[in-house]
file protein_1.cif (mmCIF, C-alpha atoms)
data_entry
loop_
_atom_site.group_PDB
_atom_site.id
_atom_site.type_symbol
_atom_site.label_atom_id
_atom_site.label_comp_id
_atom_site.auth_asym_id
_atom_site.auth_seq_id
_atom_site.Cartn_x
_atom_site.Cartn_y
_atom_site.Cartn_z
ATOM 1 C CA MET A 1 2.448 22.550 -16.970
ATOM 2 C CA ALA A 2 3.872 23.361 -13.513
ATOM 3 C CA LYS A 3 6.547 21.086 -12.090
ATOM 4 C CA GLN A 4 4.150 19.718 -9.464
ATOM 5 C CA GLY A 5 1.637 18.911 -12.176
ATOM 6 C CA VAL A 6 4.263 17.190 -14.279
ATOM 7 C CA ALA A 7 5.131 15.079 -11.248
ATOM 8 C CA SER A 8 1.711 13.474 -11.531
ATOM 9 C CA MET A 9 2.583 11.860 -14.882
ATOM 10 C CA LEU A 10 3.838 8.394 -15.683
ATOM 11 C CA ALA A 11 7.490 7.448 -15.296
ATOM 12 C CA LEU A 12 9.666 4.593 -16.397
ATOM 13 C CA ALA A 13 10.861 2.142 -13.797
ATOM 14 C CA LEU A 14 9.454 -1.263 -12.974
ATOM 15 C CA LEU A 15 10.224 -2.821 -9.629
ATOM 16 C CA LEU A 16 9.514 -6.358 -8.608
ATOM 17 C CA GLY A 17 8.011 -5.388 -5.257
ATOM 18 C CA ALA A 18 7.891 -7.352 -2.030
ATOM 19 C CA PHE A 19 4.963 -9.688 -1.558
ATOM 20 C CA ALA A 20 1.937 -7.983 -0.040
ATOM 21 C CA ALA A 21 -1.415 -9.243 1.185
ATOM 22 C CA ILE A 22 -3.567 -8.687 -1.894
ATOM 23 C CA PRO A 23 -6.800 -10.623 -2.316
ATOM 24 C CA THR A 24 -6.686 -12.331 -5.702
ATOM 25 C CA GLY A 25 -9.406 -11.398 -8.144
ATOM 26 C CA VAL A 26 -9.817 -7.866 -6.774
ATOM 27 C CA HIS A 27 -9.582 -5.019 -9.280
ATOM 28 C CA ALA A 28 -9.682 -1.521 -7.860
ATOM 29 C CA ILE A 29 -8.092 1.906 -7.749
ATOM 30 C CA GLY A 30 -6.339 2.625 -4.483
ATOM 31 C CA VAL A 31 -3.926 5.186 -3.089
ATOM 32 C CA CYS A 32 -0.665 4.671 -1.193
ATOM 33 C CA TYR A 33 -0.723 6.168 2.319
ATOM 34 C CA GLY A 34 2.698 7.478 3.345
ATOM 35 C CA VAL A 35 3.457 9.277 6.584
ATOM 36 C CA ASN A 36 6.768 11.062 5.866
ATOM 37 C CA GLY A 37 5.463 14.558 6.436
ATOM 38 C CA ASP A 38 4.797 17.238 9.048
ATOM 39 C CA ASN A 39 1.274 18.086 10.153
ATOM 40 C CA LEU A 40 -0.396 15.208 8.316
ATOM 41 C CA PRO A 41 -3.993 14.461 9.338
ATOM 42 C CA SER A 42 -4.747 11.826 11.945
ATOM 43 C CA ALA A 43 -5.271 8.295 10.698
ATOM 44 C CA SER A 44 -9.005 8.542 11.366
ATOM 45 C CA ASP A 45 -9.191 11.751 9.315
ATOM 46 C CA VAL A 46 -7.206 10.071 6.535
ATOM 47 C CA VAL A 47 -9.624 7.144 6.395
ATOM 48 C CA GLN A 48 -12.531 9.589 6.233
ATOM 49 C CA LEU A 49 -10.775 11.427 3.387
ATOM 50 C CA TYR A 50 -10.447 8.139 1.509
ATOM 51 C CA ARG A 51 -14.131 7.408 2.020
ATOM 52 C CA SER A 52 -15.348 10.889 1.093
ATOM 53 C CA ASN A 53 -13.399 10.714 -2.172
ATOM 54 C CA GLY A 54 -14.559 7.219 -3.092
ATOM 55 C CA ILE A 55 -11.112 5.635 -2.640
ATOM 56 C CA ASN A 56 -11.734 2.031 -1.624
ATOM 57 C CA GLN A 57 -8.201 0.618 -1.447
ATOM 58 C CA MET A 58 -5.197 1.676 0.678
ATOM 59 C CA ARG A 59 -1.580 0.609 0.629
ATOM 60 C CA ILE A 60 0.515 1.097 3.771
ATOM 61 C CA TYR A 61 4.264 0.599 3.991
ATOM 62 C CA PHE A 62 4.557 -0.951 7.449
ATOM 63 C CA PRO A 63 2.271 -2.383 10.186
ATOM 64 C CA ASP A 64 0.822 1.025 11.065
ATOM 65 C CA THR A 65 -1.253 0.545 14.228
ATOM 66 C CA ASN A 66 -3.083 3.853 13.867
ATOM 67 C CA ALA A 67 -4.014 3.194 10.250
ATOM 68 C CA LEU A 68 -5.164 -0.373 10.871
ATOM 69 C CA ASN A 69 -7.308 0.692 13.821
ATOM 70 C CA ALA A 70 -8.812 3.577 11.839
ATOM 71 C CA LEU A 71 -9.680 1.225 8.980
ATOM 72 C CA SER A 72 -11.924 -0.863 11.216
ATOM 73 C CA GLY A 73 -15.453 -0.870 9.787
ATOM 74 C CA SER A 74 -14.479 1.406 6.900
ATOM 75 C CA ASN A 75 -14.935 -1.161 4.103
ATOM 76 C CA ILE A 76 -11.626 0.047 2.681
ATOM 77 C CA GLY A 77 -9.365 -2.742 1.454
ATOM 78 C CA VAL A 78 -5.742 -2.607 2.573
ATOM 79 C CA ILE A 79 -2.447 -4.093 1.490
ATOM 80 C CA MET A 80 0.552 -3.927 3.812
ATOM 81 C CA ASP A 81 4.170 -4.084 2.750
ATOM 82 C CA VAL A 82 6.474 -6.628 4.354
ATOM 83 C CA PRO A 83 10.152 -5.581 4.331
ATOM 84 C CA ASN A 84 12.737 -7.984 2.943
ATOM 85 C CA SER A 85 14.332 -8.128 6.392
ATOM 86 C CA ALA A 86 11.159 -9.728 7.807
ATOM 87 C CA LEU A 87 10.692 -12.417 5.168
ATOM 88 C CA SER A 88 12.947 -14.987 6.828
ATOM 89 C CA SER A 89 10.917 -14.898 10.024
ATOM 90 C CA LEU A 90 7.645 -15.017 8.098
ATOM 91 C CA ALA A 91 8.839 -18.101 6.262
ATOM 92 C CA SER A 92 10.088 -19.918 9.349
ATOM 93 C CA ASP A 93 7.989 -18.755 12.312
ATOM 94 C CA PRO A 94 4.288 -19.748 12.412
ATOM 95 C CA SER A 95 3.531 -16.919 14.857
ATOM 96 C CA ALA A 96 5.184 -14.190 12.800
ATOM 97 C CA ALA A 97 2.156 -13.495 10.606
ATOM 98 C CA ALA A 98 -0.094 -13.193 13.647
ATOM 99 C CA THR A 99 2.069 -10.457 15.125
ATOM 100 C CA SER A 100 2.789 -8.610 11.873
ATOM 101 C CA PRO A 101 -0.608 -6.843 11.488
ATOM 102 C CA ALA A 102 -0.397 -4.475 14.429
ATOM 103 C CA GLY A 103 -3.348 -2.962 16.271
ATOM 104 C CA THR A 104 -6.825 -4.170 17.042
ATOM 105 C CA PRO A 105 -7.787 -7.384 15.202
ATOM 106 C CA THR A 106 -10.061 -5.674 12.706
ATOM 107 C CA ALA A 107 -11.440 -7.339 9.604
ATOM 108 C CA SER A 108 -8.579 -5.756 7.663
ATOM 109 C CA SER A 109 -5.872 -6.988 10.016
ATOM 110 C CA ARG A 110 -7.419 -10.451 10.208
ATOM 111 C CA HIS A 111 -7.255 -10.577 6.416
ATOM 112 C CA GLU A 112 -3.637 -9.453 6.576
ATOM 113 C CA GLU A 113 -2.906 -12.231 9.054
ATOM 114 C CA ARG A 114 -4.487 -14.876 6.829
ATOM 115 C CA GLN A 115 -2.588 -13.599 3.805
ATOM 116 C CA LEU A 116 0.699 -13.406 5.688
ATOM 117 C CA ARG A 117 0.221 -16.913 7.017
ATOM 118 C CA ALA A 118 -0.253 -18.071 3.451
ATOM 119 C CA GLY A 119 2.795 -16.038 2.545
ATOM 120 C CA GLN A 120 4.896 -18.037 4.984
ATOM 121 C CA ARG A 121 4.692 -20.942 2.557
ATOM 122 C CA ARG A 122 6.047 -18.855 -0.285
ATOM 123 C CA ALA A 123 8.112 -15.985 1.118
ATOM 124 C CA GLY A 124 11.684 -17.262 1.212
ATOM 125 C CA GLU A 125 14.412 -14.689 0.760
ATOM 126 C CA HIS A 126 12.614 -12.688 -1.941
ATOM 127 C CA GLN A 127 14.344 -9.410 -2.743
ATOM 128 C CA GLY A 128 13.211 -6.388 -4.714
ATOM 129 C CA VAL A 129 14.715 -6.420 -8.226
ATOM 130 C CA HIS A 130 15.126 -3.283 -10.291
ATOM 131 C CA GLY A 131 14.539 -3.888 -13.971
ATOM 132 C CA GLY A 132 16.959 -1.559 -15.704
ATOM 133 C CA ALA A 133 16.367 -2.902 -19.201
ATOM 134 C CA GLU A 134 13.023 -1.219 -19.588
ATOM 135 C CA ARG A 135 14.732 2.163 -19.399
ATOM 136 C CA ARG A 136 16.505 1.396 -22.649
ATOM 137 C CA HIS A 137 13.526 -0.235 -24.333
ATOM 138 C CA ALA A 138 10.518 1.712 -23.094
ATOM 139 C CA GLY A 139 7.453 1.001 -25.152
ATOM 140 C CA VAL A 140 8.681 -2.253 -26.708
ATOM 141 C CA PRO A 141 7.355 -4.807 -24.202
ATOM 142 C CA ALA A 142 8.400 -8.006 -25.977
ATOM 143 C CA VAL A 143 12.016 -6.871 -26.422
ATOM 144 C CA ALA A 144 12.403 -5.523 -22.904
ATOM 145 C CA GLY A 145 10.627 -8.561 -21.509
ATOM 146 C CA GLN A 146 13.194 -10.846 -23.111
ATOM 147 C CA LEU A 147 15.996 -8.821 -21.550
ATOM 148 C CA LEU A 148 14.325 -8.977 -18.148
ATOM 149 C CA ALA A 149 13.468 -12.668 -18.233
ATOM 150 C CA GLY A 150 16.750 -13.714 -16.639
ATOM 151 C CA VAL A 151 16.349 -11.188 -13.849
ATOM 152 C CA HIS A 152 12.819 -12.191 -12.949
ATOM 153 C CA GLY A 153 13.129 -15.906 -13.680
ATOM 154 C CA THR A 154 14.426 -16.688 -10.194
ATOM 155 C CA HIS A 155 11.161 -15.381 -8.728
ATOM 156 C CA ARG A 156 8.642 -16.915 -11.092
ATOM 157 C CA ALA A 157 7.807 -20.139 -9.244
ATOM 158 C CA VAL A 158 6.703 -18.535 -5.981
ATOM 159 C CA PRO A 159 3.658 -16.526 -7.144
ATOM 160 C CA ALA A 160 2.883 -18.958 -9.968
ATOM 161 C CA GLU A 161 2.556 -21.846 -7.538
ATOM 162 C CA HIS A 162 0.317 -20.062 -5.050
ATOM 163 C CA GLY A 163 -1.761 -17.798 -7.273
ATOM 164 C CA ALA A 164 -0.354 -14.614 -5.744
ATOM 165 C CA PRO A 165 0.112 -11.471 -7.849
ATOM 166 C CA LEU A 166 3.322 -9.480 -8.069
ATOM 167 C CA LEU A 167 3.533 -5.790 -7.288
ATOM 168 C CA CYS A 168 4.814 -3.729 -10.205
ATOM 169 C CA ASN A 169 5.866 -0.147 -9.481
ATOM 170 C CA VAL A 170 5.491 1.985 -12.626
ATOM 171 C CA TYR A 171 7.129 5.424 -12.863
ATOM 172 C CA PRO A 172 7.013 6.852 -16.395
ATOM 173 C CA TYR A 173 7.473 10.367 -15.007
ATOM 174 C CA PHE A 174 11.187 9.693 -14.590
ATOM 175 C CA SER A 175 11.294 8.164 -18.044
ATOM 176 C CA TYR A 176 9.788 11.290 -19.560
ATOM 177 C CA THR A 177 11.943 13.789 -17.666
ATOM 178 C CA GLY A 178 15.078 11.791 -18.449
ATOM 179 C CA ASN A 179 14.307 11.281 -22.127
ATOM 180 C CA GLU A 180 12.047 14.060 -23.378
ATOM 181 C CA ALA A 181 13.661 13.944 -26.824
ATOM 182 C CA GLN A 182 12.333 10.443 -27.505
ATOM 183 C CA ILE A 183 9.181 10.222 -25.372
ATOM 184 C CA ASP A 184 6.302 12.414 -26.426
ATOM 185 C CA LEU A 185 4.329 14.054 -23.631
ATOM 186 C CA SER A 186 1.042 12.859 -25.112
ATOM 187 C CA TYR A 187 2.316 9.265 -24.982
ATOM 188 C CA ALA A 188 2.943 9.681 -21.245
ATOM 189 C CA LEU A 189 -0.385 11.397 -20.528
ATOM 190 C CA PHE A 190 -2.831 9.072 -22.343
ATOM 191 C CA THR A 191 -3.579 11.816 -24.871
ATOM 192 C CA SER A 192 -1.877 10.455 -27.964
ATOM 193 C CA PRO A 193 -4.420 10.380 -30.823
ATOM 194 C CA GLY A 194 -3.222 7.040 -32.184
ATOM 195 C CA THR A 195 -0.724 4.199 -31.960
ATOM 196 C CA VAL A 196 2.782 5.287 -30.976
ATOM 197 C CA VAL A 197 4.503 1.892 -30.733
ATOM 198 C CA GLN A 198 3.555 -1.268 -32.631
ATOM 199 C CA ASP A 199 4.935 -4.361 -30.912
ATOM 200 C CA GLY A 200 3.984 -7.350 -33.044
ATOM 201 C CA GLY A 201 0.217 -7.596 -32.910
ATOM 202 C CA ASN A 202 -0.076 -5.192 -29.971
ATOM 203 C CA ALA A 203 -0.598 -1.467 -30.543
ATOM 204 C CA TYR A 204 0.436 0.944 -27.798
ATOM 205 C CA GLN A 205 -1.118 4.370 -27.510
ATOM 206 C CA ASN A 206 0.266 5.176 -24.054
ATOM 207 C CA LEU A 207 3.403 4.511 -22.050
ATOM 208 C CA PHE A 208 1.564 3.014 -19.083
ATOM 209 C CA ASP A 209 0.337 0.035 -21.108
ATOM 210 C CA ALA A 210 3.771 -0.470 -22.625
ATOM 211 C CA LEU A 211 5.473 -0.522 -19.215
ATOM 212 C CA VAL A 212 2.987 -2.895 -17.631
ATOM 213 C CA ASP A 213 3.192 -5.229 -20.626
ATOM 214 C CA THR A 214 6.992 -5.130 -20.430
ATOM 215 C CA PHE A 215 6.633 -6.680 -17.005
ATOM 216 C CA VAL A 216 4.058 -9.164 -18.323
ATOM 217 C CA SER A 217 6.420 -10.119 -21.159
ATOM 218 C CA ALA A 218 9.187 -10.760 -18.645
ATOM 219 C CA LEU A 219 6.893 -13.061 -16.695
ATOM 220 C CA GLU A 220 5.850 -14.889 -19.860
ATOM 221 C CA ASN A 221 9.440 -15.398 -20.945
ATOM 222 C CA ALA A 222 10.258 -16.673 -17.469
ATOM 223 C CA GLY A 223 7.469 -19.259 -17.699
ATOM 224 C CA ALA A 224 5.094 -17.406 -15.378
ATOM 225 C CA GLY A 225 2.627 -15.870 -17.813
ATOM 226 C CA ASN A 226 -0.310 -16.750 -15.557
ATOM 227 C CA VAL A 227 0.940 -14.619 -12.652
ATOM 228 C CA GLY A 228 -1.241 -11.599 -11.942
ATOM 229 C CA VAL A 229 0.266 -8.129 -11.916
ATOM 230 C CA VAL A 230 -0.832 -5.332 -9.568
ATOM 231 C CA VAL A 231 0.372 -1.793 -10.277
ATOM 232 C CA SER A 232 1.385 -0.946 -6.759
ATOM 233 C CA GLU A 233 2.617 2.652 -7.064
ATOM 234 C CA ARG A 234 1.747 5.338 -9.590
ATOM 235 C CA THR A 235 2.502 8.993 -9.943
ATOM 236 C CA TYR A 236 -0.469 9.754 -12.133
ATOM 237 C CA ASN A 237 -3.818 11.497 -12.284
ATOM 238 C CA GLN A 238 -7.280 11.382 -13.741
ATOM 239 C CA ASN A 239 -6.352 9.764 -17.031
ATOM 240 C CA LEU A 240 -4.930 6.727 -15.249
ATOM 241 C CA ILE A 241 -8.124 6.261 -13.237
ATOM 242 C CA ASN A 242 -10.179 6.516 -16.404
ATOM 243 C CA HIS A 243 -7.933 4.057 -18.251
ATOM 244 C CA VAL A 244 -7.143 1.122 -15.970
ATOM 245 C CA GLY A 245 -10.603 -0.411 -16.271
ATOM 246 C CA GLN A 246 -9.816 -1.539 -19.816
ATOM 247 C CA GLY A 247 -6.410 -3.089 -19.171
ATOM 248 C CA THR A 248 -3.451 -3.344 -21.538
ATOM 249 C CA PRO A 249 -3.112 -5.020 -24.960
ATOM 250 C CA LYS A 250 -1.554 -8.115 -23.366
ATOM 251 C CA ARG A 251 -3.851 -8.144 -20.309
ATOM 252 C CA PRO A 252 -7.312 -6.796 -21.214
ATOM 253 C CA GLY A 253 -9.597 -6.146 -18.264
ATOM 254 C CA SER A 254 -9.334 -4.170 -15.053
ATOM 255 C CA ILE A 255 -5.939 -3.638 -13.427
ATOM 256 C CA GLU A 256 -5.691 -3.271 -9.667
ATOM 257 C CA THR A 257 -3.751 -0.025 -9.317
ATOM 258 C CA TYR A 258 -2.457 2.096 -6.434
ATOM 259 C CA ILE A 259 -1.677 5.756 -7.051
ATOM 260 C CA PHE A 260 1.325 7.250 -5.296
ATOM 261 C CA ALA A 261 0.521 8.988 -3.021
ATOM 262 C CA MET A 262 -2.228 10.349 -0.808
ATOM 263 C CA PHE A 263 -0.315 13.365 0.588
ATOM 264 C CA ASN A 264 2.544 15.669 -0.267
ATOM 265 C CA GLU A 265 5.176 14.519 2.236
ATOM 266 C CA ASP A 266 7.736 17.202 3.061
ATOM 267 C CA GLN A 267 10.068 14.858 4.941
ATOM 268 C CA LYS A 268 10.652 12.421 2.093
ATOM 269 C CA PRO A 269 14.331 12.107 1.148
ATOM 270 C CA GLY A 270 15.683 12.624 -2.339
ATOM 271 C CA ALA A 271 14.912 15.227 -4.976
ATOM 272 C CA GLU A 272 12.386 17.995 -4.288
ATOM 273 C CA THR A 273 9.911 16.359 -6.668
ATOM 274 C CA GLU A 274 9.686 13.376 -4.278
ATOM 275 C CA ARG A 275 7.857 15.619 -1.810
ATOM 276 C CA HIS A 276 5.170 16.686 -4.296
ATOM 277 C CA PHE A 277 3.522 13.511 -5.565
ATOM 278 C CA GLY A 278 0.485 13.779 -3.300
ATOM 279 C CA LEU A 279 -3.157 13.991 -4.311
ATOM 280 C CA PHE A 280 -3.784 16.092 -1.195
ATOM 281 C CA ASN A 281 -1.963 18.647 0.909
ATOM 282 C CA PRO A 282 -1.486 18.044 4.660
ATOM 283 C CA ASP A 283 -4.514 20.270 5.348
ATOM 284 C CA LYS A 284 -6.618 17.796 3.284
ATOM 285 C CA SER A 285 -7.128 20.267 0.430
ATOM 286 C CA PRO A 286 -6.703 18.724 -3.055
ATOM 287 C CA ALA A 287 -3.303 19.261 -4.667
ATOM 288 C CA TYR A 288 -5.149 19.114 -7.999
ATOM 289 C CA PRO A 289 -8.661 18.065 -9.046
ATOM 290 C CA ILE A 290 -9.233 14.312 -9.275
ATOM 291 C CA ASN A 291 -12.314 12.120 -9.318
ATOM 292 C CA PHE A 292 -12.360 8.453 -8.296
ATOM 293 C CA SER A 293 -15.992 7.764 -9.131
#

call {"tool": "encode", "arguments": {"input": "protein_1.cif", "output": "structure tokens"}}
result
Amino acid sequence: MAKQGVASMLALALLLGAFAAIPTGVHAIGVCYGVNGDNLPSASDVVQLYRSNGINQMRIYFPDTNALNALSGSNIGVIMDVPNSALSSLASDPSAAATSPAGTPTASSRHEERQLRAGQRRAGEHQGVHGGAERRHAGVPAVAGQLLAGVHGTHRAVPAEHGAPLLCNVYPYFSYTGNEAQIDLSYALFTSPGTVVQDGGNAYQNLFDALVDTFVSALENAGAGNVGVVVSERTYNQNLINHVGQGTPKRPGSIETYIFAMFNEDQKPGAETERHFGLFNPDKSPAYPINFS
């Protein structure tokens, strides 16, 4: 498999993401829309590309005026990241949520405003937390969840009280490339013929389920087992889309999931692989075949 193709696999890192405006009860496959690239299509062309490929959810990383305006009337759901630096003002200033969704007050931005207003009651000084323990215990959710409980426990009351989900970034690609001797490729690609890890009464046939349930275990051990989990970024492909409708052993049912990312972005910092996670090239041609229907 070519390096770019491998970059579309799962990887191992769970992040407790910043709160985002996600309607509860929605289960869908979406794609993250980043703009760190030269010659990317216009926002209106991007929205049309989402629609023509049956992608009904978008994640943006800041109040992108062009994107929000282009989404007007598209029937595409949107979540918008709020940086940690803005959370204090959201928590203390009643007008902050109204000004956060930039652009024309479309249905999407009005929803963002309502969600951000609600978020003012719960934001506080929430910070992203990197869960390092799951690197050492990939595929054993209960064990890793116990190790992570102390890290995530300080955040459990906020979403539990208000019914908000948490964003969980899942990157098994980095787990596989950093530990090929212990992680089988089929386990990462949803192609294992049978159970790879038995964790109590839960059987794991793929790494994605194990990583998501690691996060769920951490929430359970922190007393927040009722908090919803949204997989907010994914470097994956067709097998993920086909799989998420059934859920994980600990959370059967659809999982709201956002694939990372819509485009190959040549201005992204970091390793060369960071610039090749896109489903599409800047000219809107597919980087590899994928079907969202």

call {"tool": "resolve_selection", "arguments": {"input": "protein_1.cif", "expression": "the PyMOL selection byres ((chain A and resi 209) around 12)", "output": "PyMOL selection string"}}
result
chain A and resi 10-12+138-141+170-172+187-190+195-197+199+202-208+210-217+231+240+243-252+255

call {"tool": "closest_residue", "arguments": {"input": "protein_1.cif", "among": "A:Asn291, A:Asn281, A:Thr273, A:Ser74", "to": "Phe174 of chain A", "atoms": "all atoms listed in the file"}}
result
A:Thr273

call {"tool": "closest_residue", "arguments": {"input": "protein_1.cif", "among": "A:Ser85, A:Asn39, A:Ser232, A:Asn66", "to": "Pro282 of chain A", "atoms": "all atoms listed in the file"}}
result
A:Asn39

call {"tool": "atom_distance", "arguments": {"input": "protein_1.cif", "atom1": "atom CA of His276 of chain A", "atom2": "atom CA of Pro83 of chain A"}}
result
24.4 Å

call {"tool": "atom_distance", "arguments": {"input": "protein_1.cif", "atom1": "atom CA of Thr191 of chain A", "atom2": "atom CA of Asn264 of chain A"}}
result
25.6 Å

call {"tool": "resolve_selection", "arguments": {"input": "protein_1.cif", "expression": "the PyMOL selection byres ((chain A and resi 279) around 9)", "output": "compact mmCIF listing (two decimals) with C-alpha atoms, keeping the file's coordinate frame"}}
result
# COMPACT_ATOMS: atom_id res chain seq x y z
CA SER A 8 1.71 13.47 -11.53
CA VAL A 31 -3.93 5.19 -3.09
CA ASN A 237 -3.82 11.50 -12.28
CA ILE A 259 -1.68 5.76 -7.05
CA PHE A 260 1.32 7.25 -5.30
CA ALA A 261 0.52 8.99 -3.02
CA MET A 262 -2.23 10.35 -0.81
CA PHE A 263 -0.32 13.36 0.59
CA ASN A 264 2.54 15.67 -0.27
CA HIS A 276 5.17 16.69 -4.30
CA PHE A 277 3.52 13.51 -5.56
CA GLY A 278 0.48 13.78 -3.30
CA PHE A 280 -3.78 16.09 -1.20
CA ASN A 281 -1.96 18.65 0.91
CA SER A 285 -7.13 20.27 0.43
CA PRO A 286 -6.70 18.72 -3.06
CA ALA A 287 -3.30 19.26 -4.67
CA TYR A 288 -5.15 19.11 -8.00
CA PRO A 289 -8.66 18.07 -9.05
CA ILE A 290 -9.23 14.31 -9.28

call {"tool": "atom_distance", "arguments": {"input": "protein_1.cif", "atom1": "atom CA of Tyr258 of chain A", "atom2": "atom CA of Val47 of chain A"}}
result
15.5 Å

call {"tool": "residues_around", "arguments": {"input": "protein_1.cif", "residues": "Val35 of chain A", "least_positions_apart": "2", "cutoff": "12 Å", "atoms": "only C-alpha atoms", "output": "PDB file with C-alpha atoms, keeping the file's coordinate frame"}}
result
ATOM      1  CA  CYS A  32      -0.665   4.671  -1.193  1.00  0.00           C
ATOM      2  CA  TYR A  33      -0.723   6.168   2.319  1.00  0.00           C
ATOM      3  CA  GLY A  37       5.463  14.558   6.436  1.00  0.00           C
ATOM      4  CA  ASP A  38       4.797  17.238   9.048  1.00  0.00           C
ATOM      5  CA  ASN A  39       1.274  18.086  10.153  1.00  0.00           C
ATOM      6  CA  LEU A  40      -0.396  15.208   8.316  1.00  0.00           C
ATOM      7  CA  PRO A  41      -3.993  14.461   9.338  1.00  0.00           C
ATOM      8  CA  SER A  42      -4.747  11.826  11.945  1.00  0.00           C
ATOM      9  CA  ALA A  43      -5.271   8.295  10.698  1.00  0.00           C
ATOM     10  CA  VAL A  46      -7.206  10.071   6.535  1.00  0.00           C
ATOM     11  CA  ARG A  59      -1.580   0.609   0.629  1.00  0.00           C
ATOM     12  CA  ILE A  60       0.515   1.097   3.771  1.00  0.00           C
ATOM     13  CA  TYR A  61       4.264   0.599   3.991  1.00  0.00           C
ATOM     14  CA  PHE A  62       4.557  -0.951   7.449  1.00  0.00           C
ATOM     15  CA  ASP A  64       0.822   1.025  11.065  1.00  0.00           C
ATOM     16  CA  ASN A  66      -3.083   3.853  13.867  1.00  0.00           C
ATOM     17  CA  ALA A  67      -4.014   3.194  10.250  1.00  0.00           C
ATOM     18  CA  ALA A 261       0.521   8.988  -3.021  1.00  0.00           C
ATOM     19  CA  MET A 262      -2.228  10.349  -0.808  1.00  0.00           C
ATOM     20  CA  PHE A 263      -0.315  13.365   0.588  1.00  0.00           C
ATOM     21  CA  ASN A 264       2.544  15.669  -0.267  1.00  0.00           C
ATOM     22  CA  GLU A 265       5.176  14.519   2.236  1.00  0.00           C
ATOM     23  CA  ASP A 266       7.736  17.202   3.061  1.00  0.00           C
ATOM     24  CA  GLN A 267      10.068  14.858   4.941  1.00  0.00           C
ATOM     25  CA  LYS A 268      10.652  12.421   2.093  1.00  0.00           C
ATOM     26  CA  ARG A 275       7.857  15.619  -1.810  1.00  0.00           C
ATOM     27  CA  GLY A 278       0.485  13.779  -3.300  1.00  0.00           C
ATOM     28  CA  PRO A 282      -1.486  18.044   4.660  1.00  0.00           C
TER      29      PRO A 282
END

call {"tool": "closest_residue", "arguments": {"input": "protein_1.cif", "among": "A:Pro165, A:Gly270, A:Gly194, A:Gly253", "to": "Ala224 of chain A", "atoms": "all atoms listed in the file"}}
result
A:Pro165

call {"tool": "residues_around", "arguments": {"input": "protein_1.cif", "residues": "Ser44 of chain A", "least_positions_apart": "5", "cutoff": "10 Å", "atoms": "only C-alpha atoms", "output": "compact mmCIF listing (two decimals) with C-alpha atoms, in the frame of the given file"}}
result
# COMPACT_ATOMS: atom_id res chain seq x y z
CA LEU A 49 -10.78 11.43 3.39
CA TYR A 50 -10.45 8.14 1.51
CA ASN A 66 -3.08 3.85 13.87
CA ALA A 67 -4.01 3.19 10.25
CA LEU A 68 -5.16 -0.37 10.87
CA ASN A 69 -7.31 0.69 13.82
CA ALA A 70 -8.81 3.58 11.84
CA LEU A 71 -9.68 1.23 8.98
CA SER A 72 -11.92 -0.86 11.22

call {"tool": "decode", "arguments": {"input": "protein_1.cif", "residues": "segment 187-198 of chain A", "atoms": "N, CA and C atoms", "output": "short mmCIF file (atom, residue, chain, number, x, y, z; two decimals), in the first residue's frame"}}
result
data_model
loop_
_atom_site.label_atom_id
_atom_site.label_comp_id
_atom_site.auth_asym_id
_atom_site.auth_seq_id
_atom_site.Cartn_x
_atom_site.Cartn_y
_atom_site.Cartn_z
N TYR A 187 -6.11 -5.60 11.82
CA TYR A 187 -6.79 -5.06 13.00
C TYR A 187 -7.06 -3.57 12.83
N ALA A 188 -6.15 -2.86 12.16
CA ALA A 188 -6.32 -1.43 11.92
C ALA A 188 -7.29 -1.14 10.79
N LEU A 189 -7.43 -2.07 9.85
CA LEU A 189 -8.20 -1.80 8.63
C LEU A 189 -9.58 -2.46 8.61
N PHE A 190 -10.07 -2.94 9.74
CA PHE A 190 -11.38 -3.60 9.79
C PHE A 190 -11.44 -4.89 8.98
N THR A 191 -10.31 -5.51 8.72
CA THR A 191 -10.32 -6.72 7.89
C THR A 191 -9.92 -7.97 8.66
N SER A 192 -9.76 -7.86 9.96
CA SER A 192 -9.42 -9.04 10.74
C SER A 192 -10.58 -10.03 10.68
N PRO A 193 -10.30 -11.32 10.47
CA PRO A 193 -11.38 -12.31 10.31
C PRO A 193 -12.07 -12.69 11.61
N GLY A 194 -11.50 -12.31 12.75
CA GLY A 194 -12.10 -12.69 14.02
C GLY A 194 -11.62 -11.80 15.14
N THR A 195 -11.96 -12.17 16.37
CA THR A 195 -11.59 -11.38 17.54
C THR A 195 -10.07 -11.32 17.70
N VAL A 196 -9.57 -10.11 17.93
CA VAL A 196 -8.14 -9.91 18.16
C VAL A 196 -7.88 -9.68 19.64
N VAL A 197 -8.74 -8.93 20.30
CA VAL A 197 -8.58 -8.63 21.73
C VAL A 197 -9.89 -8.95 22.43
N GLN A 198 -9.81 -9.74 23.51
CA GLN A 198 -10.96 -10.03 24.35
C GLN A 198 -10.79 -9.24 25.64
#
